[in-house]
$ cat data34.txt   # compact mmCIF, C-alpha atoms
# COMPACT_ATOMS: atom_id res chain seq x y z
CA MET V 909 105.24 101.24 130.07
CA GLN V 910 101.84 100.93 128.37
CA LEU V 911 100.78 102.68 125.13
CA PRO V 912 96.97 102.45 125.00
CA ILE V 913 95.72 102.44 121.43
CA GLU V 914 93.19 105.24 122.04
CA TYR V 915 95.90 107.48 123.51
CA LEU V 916 98.00 106.87 120.42
CA ARG V 917 95.05 107.76 118.17
CA THR V 918 94.66 111.04 120.02
CA PHE V 919 98.42 111.64 119.86
CA LEU V 920 98.34 111.19 116.06
CA ALA V 921 95.39 113.54 115.74
CA VAL V 922 97.19 116.29 117.69
CA ALA V 923 100.38 115.73 115.68
CA ALA V 924 98.45 116.03 112.40
CA THR V 925 96.42 119.12 113.32
CA GLN V 926 98.91 120.80 115.71
CA SER V 927 95.85 121.65 117.80
CA PHE V 928 94.20 119.99 120.79
CA THR V 929 90.85 121.50 119.77
CA LYS V 930 91.01 120.33 116.12
CA ALA V 931 92.27 116.92 117.26
CA GLY V 932 89.17 116.61 119.45
CA GLY V 933 87.01 116.93 116.35
CA ARG V 934 88.89 114.10 114.69
CA VAL V 935 88.64 111.66 117.59
CA ASN V 936 85.18 112.78 118.77
CA ARG V 937 86.39 114.08 122.13
CA SER V 938 86.39 117.44 123.86
CA GLN V 939 89.54 119.55 124.01
CA SER V 940 89.86 118.82 127.73
CA ALA V 941 89.57 115.05 127.13
CA VAL V 942 92.30 115.29 124.50
CA SER V 943 94.52 117.15 126.97
CA VAL V 944 93.95 114.48 129.61
CA GLN V 945 94.84 111.64 127.23
CA ILE V 946 98.02 113.37 126.05
CA LYS V 947 99.02 114.08 129.65
CA ARG V 948 98.51 110.43 130.60
CA LEU V 949 100.48 109.29 127.55
CA GLU V 950 103.32 111.64 128.51
CA GLU V 951 103.22 110.21 132.05
CA GLU V 952 103.51 106.71 130.60
CA VAL V 953 106.57 107.53 128.46
CA GLY V 954 108.04 109.79 131.13
CA ARG V 955 108.74 112.79 128.91
CA PRO V 956 106.86 115.60 127.13
CA LEU V 957 105.60 114.87 123.64
CA PHE V 958 104.31 118.34 122.68
CA VAL V 959 105.39 121.91 123.34
CA ARG V 960 102.97 124.82 123.11
CA ASP V 961 103.89 127.46 120.53
CA GLY V 962 101.17 130.07 120.70
CA LYS V 963 97.98 128.28 119.67
CA LYS V 964 99.91 125.42 118.06
CA ALA V 965 101.06 122.18 119.67
CA ARG V 966 104.37 121.11 118.16
CA LEU V 967 106.08 117.75 118.61
CA THR V 968 109.13 117.59 120.86
CA PRO V 969 112.11 115.48 119.70
CA ASP V 970 110.69 112.59 121.76
CA GLY V 971 107.28 113.17 120.20
CA LYS V 972 108.80 112.93 116.72
CA ARG V 973 110.46 109.66 117.74
CA LEU V 974 107.14 108.24 118.87
CA LEU V 975 105.26 109.41 115.77
CA GLY V 976 106.36 106.66 113.36
CA HIS V 977 105.85 103.93 115.98
CA ALA V 978 102.38 105.27 116.82
CA ARG V 979 101.34 105.18 113.17
CA ASP V 980 102.55 101.59 112.80
CA ILE V 981 100.84 100.45 116.02
CA VAL V 982 97.48 102.03 115.15
CA ARG V 983 97.66 100.83 111.54
CA ARG V 984 98.46 97.25 112.55
CA HIS V 985 95.71 97.29 115.16
CA ASP V 986 93.14 98.47 112.62
CA ASP V 987 94.34 95.97 110.03
CA ALA V 988 94.03 93.13 112.56
CA VAL V 989 90.47 94.17 113.44
CA LEU V 990 89.63 94.41 109.76
CA SER V 991 91.07 91.00 108.89
CA LEU V 992 89.06 89.31 111.67
CA SER V 993 85.79 90.95 110.73
CA ASP V 994 83.33 88.84 108.75
CA ALA V 995 80.78 91.61 108.26
CA ARG V 996 80.19 92.83 104.71
CA LEU V 997 81.56 96.33 104.38
CA LYS V 998 79.15 99.17 103.63
CA GLY V 999 79.45 102.93 103.41
CA VAL V 1000 80.66 105.87 101.37
CA ILE V 1001 84.32 106.88 100.97
CA ARG V 1002 85.13 110.43 99.87
CA PHE V 1003 88.58 110.09 98.35
CA GLY V 1004 90.70 112.94 97.02
CA SER V 1005 93.83 112.69 94.88
CA PRO V 1006 95.87 114.67 92.37
CA GLU V 1007 95.23 113.67 88.78
CA HIS V 1008 98.80 112.39 88.47
CA TYR V 1009 97.65 109.27 90.34
CA THR V 1010 94.04 109.01 89.19
CA MET V 1011 95.10 108.78 85.53
CA GLY V 1012 97.77 106.13 85.88
CA LEU V 1013 97.66 104.12 89.10
CA LEU V 1014 94.20 104.27 90.62
CA PRO V 1015 91.70 103.11 87.95
CA LYS V 1016 92.69 99.46 88.38
CA LEU V 1017 92.60 99.80 92.17
CA LEU V 1018 89.14 101.41 92.15
CA ALA V 1019 87.74 98.75 89.84
CA GLY V 1020 89.17 95.93 91.95
CA PHE V 1021 87.94 97.44 95.21
CA ALA V 1022 84.44 97.92 93.79
CA GLY V 1023 84.38 94.26 92.77
CA ASP V 1024 85.47 93.07 96.24
CA HIS V 1025 83.23 95.46 98.17
CA PRO V 1026 80.13 96.25 96.06
CA ASP V 1027 78.32 97.90 98.99
CA VAL V 1028 81.03 100.53 99.45
CA VAL V 1029 80.69 103.64 97.26
CA VAL V 1030 83.92 105.51 96.48
CA GLU V 1031 83.46 109.16 95.54
CA MET V 1032 86.53 110.24 93.57
CA HIS V 1033 87.61 113.89 93.83
CA CYS V 1034 90.45 114.86 91.45
CA ARG V 1035 92.06 117.95 92.95
CA THR V 1036 95.50 119.45 93.53
CA SER V 1037 97.22 118.48 96.78
CA ASP V 1038 96.47 121.74 98.59
CA VAL V 1039 92.75 121.42 97.81
CA VAL V 1040 92.73 117.77 98.94
CA LYS V 1041 94.40 118.66 102.24
CA LYS V 1042 91.93 121.48 102.91
CA GLY V 1043 89.06 119.09 102.18
CA LEU V 1044 90.42 116.62 104.70
CA ASP V 1045 90.91 119.30 107.36
CA ARG V 1046 87.32 120.52 106.86
CA GLY V 1047 85.91 117.00 107.00
CA GLU V 1048 84.75 117.11 103.37
CA LEU V 1049 86.94 114.11 102.47
CA ASP V 1050 87.65 110.88 104.35
CA ILE V 1051 90.99 109.93 102.84
CA GLY V 1052 93.34 111.63 100.43
CA LEU V 1053 96.68 111.59 98.66
CA CYS V 1054 98.91 114.65 98.65
CA THR V 1055 102.37 115.33 97.30
CA ASP V 1056 105.16 116.18 99.70
CA ALA V 1057 104.71 119.51 101.38
CA HIS V 1058 102.06 118.60 103.96
CA ASP V 1059 102.72 117.74 107.61
CA GLY V 1060 101.69 114.38 108.98
CA GLY V 1061 100.34 111.50 106.95
CA GLN V 1062 101.91 108.27 105.76
CA VAL V 1063 104.44 108.30 102.93
CA VAL V 1064 103.32 105.46 100.65
CA CYS V 1065 105.86 105.91 97.84
CA ARG V 1066 108.62 108.10 96.43
CA ASP V 1067 108.50 108.75 92.70
CA ARG V 1068 110.97 110.10 90.17
CA LEU V 1069 109.86 113.14 88.21
CA VAL V 1070 110.82 113.58 84.55
CA TRP V 1071 110.09 116.04 81.77
CA ALA V 1072 107.28 114.46 79.73
CA ALA V 1073 107.56 115.05 75.99
CA ARG V 1074 106.52 113.74 72.62
CA PRO V 1075 109.00 111.15 71.24
CA GLY V 1076 111.65 112.96 69.20
CA PHE V 1077 111.09 116.31 70.92
CA ASP V 1078 114.32 118.37 70.93
CA PRO V 1079 114.56 120.64 74.03
CA GLY V 1080 117.28 122.72 72.39
CA ARG V 1081 115.52 123.55 69.16
CA ALA V 1082 113.96 126.80 70.45
CA SER V 1083 115.68 129.77 72.08
CA ARG V 1084 113.21 129.49 74.99
CA LEU V 1085 112.07 126.07 76.18
CA PRO V 1086 108.27 125.73 75.75
CA LEU V 1087 106.65 124.60 78.98
CA ALA V 1088 103.17 123.36 79.92
CA VAL V 1089 102.18 123.63 83.59
CA GLU V 1090 99.23 122.63 85.75
CA GLU V 1091 97.60 125.46 87.68
CA GLY V 1092 98.15 125.20 91.44
CA CYS V 1093 100.35 122.11 91.15
CA LEU V 1094 103.53 121.77 93.20
CA PHE V 1095 105.30 120.30 90.15
CA ARG V 1096 104.86 123.65 88.39
CA ASP V 1097 106.88 125.43 91.10
CA TRP V 1098 109.56 122.75 91.02
CA ALA V 1099 109.87 122.93 87.24
CA LEU V 1100 110.17 126.72 87.12
CA SER V 1101 112.71 126.71 89.97
CA ALA V 1102 114.83 123.98 88.34
CA LEU V 1103 114.93 125.78 85.00
CA ALA V 1104 115.77 129.11 86.64
CA GLU V 1105 118.60 127.59 88.68
CA ALA V 1106 120.00 125.89 85.57
CA GLY V 1107 119.86 129.18 83.66
CA ILE V 1108 117.63 127.70 80.96
CA PRO V 1109 115.30 130.29 79.39
CA TYR V 1110 111.73 129.10 79.07
CA ARG V 1111 108.28 130.24 78.03
CA VAL V 1112 105.04 128.94 79.56
CA VAL V 1113 102.91 128.19 76.51
CA CYS V 1114 100.14 126.21 78.22
CA VAL V 1115 98.46 126.53 81.62
CA SER V 1116 95.83 123.91 82.43
CA ARG V 1117 93.58 123.30 85.44
CA GLY V 1118 94.20 119.56 85.08
CA LEU V 1119 96.92 117.11 84.12
CA SER V 1120 95.23 116.03 80.89
CA GLY V 1121 95.64 119.51 79.41
CA VAL V 1122 99.41 119.68 79.91
CA LEU V 1123 99.87 116.11 78.70
CA ASP V 1124 97.91 116.93 75.54
CA ALA V 1125 100.25 119.88 74.95
CA ALA V 1126 103.21 117.51 75.29
CA ARG V 1127 101.59 114.97 72.93
CA ALA V 1128 101.18 117.69 70.31
CA GLY V 1129 104.88 118.53 70.58
CA LEU V 1130 104.06 122.05 71.76
CA ALA V 1131 105.80 121.80 75.13
CA ILE V 1132 107.28 119.61 77.83
CA THR V 1133 105.76 119.21 81.28
CA PRO V 1134 106.87 117.72 84.64
CA ALA V 1135 105.28 114.33 85.33
CA ILE V 1136 105.69 111.21 87.46
CA GLU V 1137 107.76 108.66 85.56
CA ARG V 1138 105.86 105.58 86.74
CA THR V 1139 102.49 106.94 85.52
CA LEU V 1140 103.80 108.43 82.27
CA PRO V 1141 101.41 107.62 79.37
CA HIS V 1142 102.81 105.15 76.84
CA ASP V 1143 102.79 107.73 74.04
CA LEU V 1144 105.12 110.12 75.90
CA VAL V 1145 108.77 109.81 76.90
CA GLY V 1146 110.62 111.09 79.95
CA LEU V 1147 113.51 113.50 79.39
CA ASP V 1148 116.20 114.22 81.99
CA GLY V 1149 119.82 115.32 82.37
CA ARG V 1150 120.86 113.25 79.37
CA HIS V 1151 118.83 115.65 77.26
CA GLY V 1152 120.29 118.79 78.78
CA LEU V 1153 117.46 119.34 81.22
CA PRO V 1154 117.83 119.87 85.00
CA ALA V 1155 116.88 117.15 87.47
CA LEU V 1156 113.55 117.53 89.24
CA PRO V 1157 113.05 116.74 92.94
CA PRO V 1158 111.60 113.31 93.80
CA SER V 1159 107.91 113.36 94.67
CA CYS V 1160 106.37 111.65 97.70
CA ALA V 1161 102.78 110.42 97.75
CA VAL V 1162 101.51 111.05 101.28
CA LEU V 1163 98.33 109.41 102.55
CA HIS V 1164 96.15 111.43 104.93
CA MET V 1165 93.09 110.39 106.93
CA ALA V 1166 90.37 112.79 108.08
CA ARG V 1167 89.09 110.85 111.09
CA ILE V 1168 90.57 108.81 113.91
CA PRO V 1169 89.45 106.13 114.62
CA VAL V 1170 89.23 105.23 110.96
CA PRO V 1171 85.87 103.69 109.88
CA GLU V 1172 86.23 100.05 108.91
CA HIS V 1173 85.36 100.50 105.22
CA VAL V 1174 87.82 103.41 104.93
CA ALA V 1175 90.54 101.39 106.66
CA CYS V 1176 90.00 98.61 104.12
CA PHE V 1177 90.30 101.06 101.24
CA ARG V 1178 93.49 102.46 102.77
CA GLU V 1179 94.96 98.95 102.90
CA HIS V 1180 94.19 98.41 99.20
CA LEU V 1181 95.60 101.83 98.33
CA VAL V 1182 98.92 101.28 100.09
CA ALA V 1183 99.25 97.84 98.49
CA ALA V 1184 98.64 99.32 95.02
CA PHE V 1185 101.63 101.63 95.39
CA HIS V 1186 103.89 98.68 96.21
CA GLU V 1187 102.83 96.33 93.43
$ encode --input "data34.txt" --output "structure tokens"
Amino acid sequence: MQLPIEYLRTFLAVAATQSFTKAGGRVNRSQSAVSVQIKRLEEEVGRPLFVRDGKKARLTPDGKRLLGHARDIVRRHDDAVLSLSDARLKGVIRFGSPEHYTMGLLPKLLAGFAGDHPDVVVEMHCRTSDVVKKGLDRGELDIGLCTDAHDGGQVVCRDRLVWAARPGFDPGRASRLPLAVEEGCLFRDWALSALAEAGIPYRVVCVSRGLSGVLDAARAGLAITPAIERTLPHDLVGLDGRHGLPALPPSCAVLHMARIPVPEHVACFREHLVAAFHE
């Protein structure tokens, strides 16, 4: 059995887009060429990898089994090519990420990458996960981080969520818990659902289009807000069940790429990004 790297790239593109036509745009091939490569890959493994569901191509159980291996094989191949390349990297990287990561984890990474690769320009787009994913699908971004609820991609970390508050904040002092939420953020939905299930009355006192707004509300002692524990600012504390508050679901940071094959300078940035989450 042989698993040609280009067939695996096409397989990953179809798995991510659930469409042979959209996958063709990612790997710079026609829809018919994508179909041929998937057919040949299925012949190699001896079993179907996709099943047609209307206009969508969904992974079969065997396709899901291959998915993780295909990602590892393609990633290791690209990393090997990158490590053996002596050429100075050049280009522009359009990178999208929720503000939860750009405020705490990424500044050091971006500064270090710029120092190592001065000819690569990183355009930073701070957006909610749904906006980042749409930008990737439309080709407006090259690489992006999303939280949880998006198919495909590489899970680079799992984070604990806490209720961010000013030190000394007492959640039980008011008849209705004051809450600050970020507009369009998945954490907002999780927070409201957790409070409703726990039967804790609340009042949304602050709605912000960005993370900084809800954190400022927490700093002022006006409200609490859901936040990633590892990137919590030093002047805020994380509250949890010990303070009478419901647990929040863990959050996954999922890395998505817009194009396959991945350009060399983008692949290098991806390598630095993954490493930053594991430091």
$ residues_around --input "data34.txt" --residues "range 1173-1184 of chain V" --least-positions-apart "2" --cutoff "7 Å" --atoms "all atoms listed in the file" --output "mmCIF file with C-alpha atoms, in the coordinates of the input"
data_model
loop_
_atom_site.group_PDB
_atom_site.id
_atom_site.type_symbol
_atom_site.label_atom_id
_atom_site.label_comp_id
_atom_site.auth_asym_id
_atom_site.auth_seq_id
_atom_site.Cartn_x
_atom_site.Cartn_y
_atom_site.Cartn_z
ATOM 1 C CA LEU V 997 81.560 96.330 104.380
ATOM 2 C CA LYS V 998 79.150 99.170 103.630
ATOM 3 C CA GLY V 999 79.450 102.930 103.410
ATOM 4 C CA ILE V 1001 84.320 106.880 100.970
ATOM 5 C CA LEU V 1017 92.600 99.800 92.170
ATOM 6 C CA VAL V 1064 103.320 105.460 100.650
ATOM 7 C CA VAL V 1170 89.230 105.230 110.960
ATOM 8 C CA PRO V 1171 85.870 103.690 109.880
ATOM 9 C CA HIS V 1186 103.890 98.680 96.210
ATOM 10 C CA GLU V 1187 102.830 96.330 93.430
#
$ residues_around --input "data34.txt" --residues "range 1127-1139 of chain V" --least-positions-apart "2" --cutoff "6 Å" --atoms "only C-alpha atoms" --output "MDAnalysis selection string"
chainID V and resid 1012 1068:1074 1086:1088 1124:1125
$ atom_distance --input "data34.txt" --atom1 "CA of Ser1159 in chain V" --atom2 "CA of Leu1094 in chain V"
9.6 Å
$ residues_around --input "data34.txt" --residues "Ile1051 in chain V" --least-positions-apart "2" --cutoff "12 Å" --atoms "only C-alpha atoms" --output "ChimeraX atom specification"
/V:1000-1005,1030-1033,1040-1049,1053-1054,1061-1062,1162-1168,1170-1171,1173-1179,1181
$ atom_distance --input "data34.txt" --atom1 "CA of Leu911 in chain V" --atom2 "CA of Arg984 in chain V"
13.9 Å
$ closest_atom_pairs --input "data34.txt" --of "range 941-1051 of chain V" --to "range 1095-1105 of chain V" --cutoff "12 Å" --atoms "all atoms listed in the file" --output "Markdown table"
| residue | atom | partner | partner_atom | distance |
| --- | --- | --- | --- | --- |
| V:Pro1006 | CA | V:Phe1095 | CA | 11.2 |
| V:His1008 | CA | V:Phe1095 | CA | 10.4 |
| V:Thr1036 | CA | V:Phe1095 | CA | 10.4 |
| V:Ser1037 | CA | V:Phe1095 | CA | 10.6 |
$ residues_around --input "data34.txt" --residues "Glu1007 in chain V" --least-positions-apart "4" --cutoff "7 Å" --atoms "all atoms listed in the file" --output "JSON, numbers by chain"
{"V": [1011, 1034, 1035, 1119]}
$ build_atoms --input "data34.txt" --residues "range 1013-1030 of chain V" --atoms "N, CA, C and O atoms" --output "compact mmCIF listing (two decimals), in the coordinates of the input"
# COMPACT_ATOMS: atom_id res chain seq x y z
N LEU V 1013 97.54 105.20 88.13
CA LEU V 1013 97.66 104.12 89.10
C LEU V 1013 96.31 103.66 89.65
O LEU V 1013 96.11 102.47 89.91
N LEU V 1014 95.39 104.57 89.82
CA LEU V 1014 94.20 104.27 90.62
C LEU V 1014 93.03 103.60 89.89
O LEU V 1014 92.23 102.94 90.54
N PRO V 1015 92.86 103.75 88.58
CA PRO V 1015 91.70 103.11 87.95
C PRO V 1015 91.59 101.62 88.22
O PRO V 1015 90.51 101.10 88.53
N LYS V 1016 92.70 100.90 88.12
CA LYS V 1016 92.69 99.46 88.38
C LYS V 1016 92.33 99.18 89.83
O LYS V 1016 91.56 98.25 90.14
N LEU V 1017 92.90 99.97 90.75
CA LEU V 1017 92.60 99.80 92.17
C LEU V 1017 91.11 100.02 92.43
O LEU V 1017 90.47 99.22 93.12
N LEU V 1018 90.54 101.10 91.90
CA LEU V 1018 89.14 101.41 92.15
C LEU V 1018 88.22 100.33 91.60
O LEU V 1018 87.23 99.96 92.24
N ALA V 1019 88.55 99.82 90.43
CA ALA V 1019 87.74 98.75 89.84
C ALA V 1019 87.81 97.49 90.68
O ALA V 1019 86.79 96.83 90.94
N GLY V 1020 89.01 97.12 91.13
CA GLY V 1020 89.17 95.93 91.95
C GLY V 1020 88.49 96.06 93.30
O GLY V 1020 87.84 95.11 93.78
N PHE V 1021 88.59 97.22 93.91
CA PHE V 1021 87.94 97.44 95.21
C PHE V 1021 86.43 97.37 95.08
O PHE V 1021 85.75 96.80 95.93
N ALA V 1022 85.90 97.96 94.01
CA ALA V 1022 84.44 97.92 93.79
C ALA V 1022 83.96 96.48 93.61
O ALA V 1022 82.87 96.11 94.07
N GLY V 1023 84.76 95.65 92.95
CA GLY V 1023 84.38 94.26 92.77
C GLY V 1023 84.39 93.48 94.08
O GLY V 1023 83.52 92.63 94.32
N ASP V 1024 85.37 93.77 94.95
CA ASP V 1024 85.47 93.07 96.24
C ASP V 1024 84.47 93.58 97.25
O ASP V 1024 84.04 92.82 98.14
N HIS V 1025 84.11 94.85 97.16
CA HIS V 1025 83.23 95.46 98.17
C HIS V 1025 82.14 96.26 97.45
O HIS V 1025 82.16 97.50 97.44
N PRO V 1026 81.16 95.58 96.88
CA PRO V 1026 80.13 96.25 96.06
C PRO V 1026 79.24 97.19 96.86
O PRO V 1026 78.57 98.04 96.27
N ASP V 1027 79.19 97.05 98.18
CA ASP V 1027 78.32 97.90 98.99
C ASP V 1027 79.03 99.16 99.49
O ASP V 1027 78.46 99.94 100.26
N VAL V 1028 80.29 99.32 99.09
CA VAL V 1028 81.03 100.53 99.45
C VAL V 1028 81.11 101.43 98.22
O VAL V 1028 81.56 101.01 97.15
N VAL V 1029 80.67 102.66 98.35
CA VAL V 1029 80.69 103.64 97.26
C VAL V 1029 81.90 104.55 97.44
O VAL V 1029 82.08 105.15 98.51
N VAL V 1030 82.75 104.63 96.43
CA VAL V 1030 83.92 105.51 96.48
C VAL V 1030 83.65 106.73 95.61
O VAL V 1030 83.46 106.62 94.40
